[in-house]
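Participant: What follows is a structure written as structure tokens; I'll ask about it next.
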Amino acid sequence: MAKYLVRACYTADGAKGLLADGGTARRAATEKATASVGGKMEAFYFALGDVDAYVIAELPDDASLVAIELAVNATGRVNSRSIKLITPEDVDKATKKAVAYHAPGG
């Protein structure tokens, strides 16, 4: 399973819902959504700054992530973006691959 970092930013309506339901309800809803596609939520944190919440989740595949993102973003209450995380072991594998590349102008 792949790991993803999800950044969530609440819209005004999303913030109103957060005020009404509370933070632990959002964490529970996120955990349920993740489990519904066969994944596991590892962490959920609210944050100060441009991003309102961060989630780290393990999901079976990219399609599962896209399914969650579509459902979440379609509400109009949250804007989320995701980053696929790569393990140090995968980076080790990448460093051992030969790449045929020619830099522009070089």
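Ordered as shown in the structure tokens, chains take letters A, B, and onward, while each chain numbers its residues from 1 and ligands are numbered from 1 in the order shown.
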Quick one: residues within 10 Å of A:Asp13, only C-alpha atoms, excluding same-chain residues fewer than 3 positions away - as a PyMOL selection string?
Facilitator: chain A and resi 10+16-19+75-78
Participant: What does the file look like for those residues with C-alpha atoms, as a PDB file, in the first residue's frame?
Facilitator:
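Wrote again_0.pdb, looks like this:
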```
ATOM      1  CA  TYR A  10     -11.545  24.514   4.878  1.00  0.00           C
ATOM      2  CA  LYS A  16     -18.717  26.572  10.129  1.00  0.00           C
ATOM      3  CA  GLY A  17     -19.139  22.803  10.097  1.00  0.00           C
ATOM      4  CA  LEU A  18     -15.929  22.366  12.063  1.00  0.00           C
ATOM      5  CA  LEU A  19     -17.199  24.848  14.653  1.00  0.00           C
ATOM      6  CA  THR A  75     -18.670  19.056  -1.028  1.00  0.00           C
ATOM      7  CA  GLY A  76     -17.290  22.538  -1.606  1.00  0.00           C
ATOM      8  CA  ARG A  77     -16.388  22.684   2.092  1.00  0.00           C
ATOM      9  CA  VAL A  78     -12.825  21.455   1.844  1.00  0.00           C
TER      10      VAL A  78
END
```
Participant: Going by DSSP on the backbone, which bits of stretch 14-77 of chain A are alpha helix (DSSP H)? Write them as an MDAnalysis selection string, please.
Facilitator: chainID A and resid 14:21 23:36 62:74
Participant: I'd like to know which of A:Ala29, A:Ala20, A:Cys9, A:Val37 is closest to A:Ala63, using only C-alpha atoms.
Facilitator: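 Ranking A:Ala29, A:Ala20, A:Cys9, A:Val37 by distance to A:Ala63, first place goes to A:Val37.
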Participant: Quick one: residues within 9 Å of stretch 44-52 of chain A, only C-alpha atoms counted, chain neighbours fewer than 6 positions away excluded, as a VMD selection string?
Facilitator: chain A and resid 7 to 10 23 27 30 to 31
Participant: For a test of reading the model, state the distance in Å between atom CA of A:Met41 and atom CA of A:Leu59, rounded to one decimal.
Facilitator: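 Interatomic distance, atom CA of A:Met41 to atom CA of A:Leu59: 8.5 Å.
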Participant: Could you write out, as a ChimeraX atom specification, all the residues of stretch 1-92 of chain A that DSSP marks as strand (DSSP E)?
Facilitator: /A:2-10,40-46,53-59,78-85
Participant: Please, could you write that set of residues out with C-alpha atoms as a tab-separated table (two decimals), in the first residue's frame?
Facilitator:
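Saved to out-v8.tsv:
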```
chain	number	residue	atom	x	y	z
A	2	ALA	CA	1.13	3.53	-0.74
A	3	LYS	CA	1.33	6.39	1.74
A	4	TYR	CA	-0.02	9.85	1.09
A	5	LEU	CA	0.15	13.22	2.78
A	6	VAL	CA	-3.12	15.10	2.39
A	7	ARG	CA	-3.37	18.84	2.99
A	8	ALA	CA	-6.88	20.14	3.72
A	9	CYS	CA	-8.04	23.76	3.64
A	10	TYR	CA	-11.54	24.51	4.88
A	40	LYS	CA	-5.77	3.20	7.08
A	41	MET	CA	-5.35	6.69	8.49
A	42	GLU	CA	-2.06	6.96	10.36
A	43	ALA	CA	-2.25	10.57	11.55
A	44	PHE	CA	-4.57	13.57	11.55
A	45	TYR	CA	-3.43	16.98	12.75
A	46	PHE	CA	-4.92	20.45	12.58
A	53	ALA	CA	-5.24	20.03	8.53
A	54	TYR	CA	-2.75	17.34	7.53
A	55	VAL	CA	-3.53	13.65	7.16
A	56	ILE	CA	-1.15	10.77	6.58
A	57	ALA	CA	-2.90	7.73	5.18
A	58	GLU	CA	-2.01	4.38	3.71
A	59	LEU	CA	-4.20	3.48	0.73
A	78	VAL	CA	-12.82	21.45	1.84
A	79	ASN	CA	-10.08	21.93	-0.71
A	80	SER	CA	-7.58	19.11	-0.44
A	81	ARG	CA	-4.34	18.29	-2.19
A	82	SER	CA	-2.28	15.19	-1.83
A	83	ILE	CA	1.32	14.14	-2.12
A	84	LYS	CA	2.42	10.56	-2.61
A	85	LEU	CA	5.12	9.75	-0.08
```
Participant: Between atom CA of A:Asp90 and atom CA of A:Glu69, what is the spacing in Å?
Facilitator: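 Atom CA of A:Glu69 sits 25.0 Å away from atom CA of A:Asp90.
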Participant: So how many Å separate atom CA of A:Leu70 and atom CA of A:Ser36, to one decimal?
Facilitator: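 So the answer is 14.0 Å.
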Participant: From the options A:Thr24, A:Thr11, A:Thr34, A:Thr95, which residue's atoms come nearest to A:Asn73, counting only C-alpha atoms?
Facilitator: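 Among A:Thr24, A:Thr11, A:Thr34, A:Thr95, it is A:Thr11 that comes nearest to A:Asn73.
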Participant: Given the choices A:Val91, A:Val99, A:Ile68, A:Ala74, which gets closest to A:Lys32 if the distance is worked out from only C-alpha atoms?
Facilitator: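 Residue with the minimum atom-to-atom distance to A:Lys32: A:Ile68.
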Participant: Under the rule that only C-alpha atoms are counted, which of A:Ala33, A:Gly38, A:Ala98, A:Ala28 is the nearest residue to A:Pro60?
Facilitator: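 Among the listed residues, the smallest separation from A:Pro60 belongs to A:Gly38.
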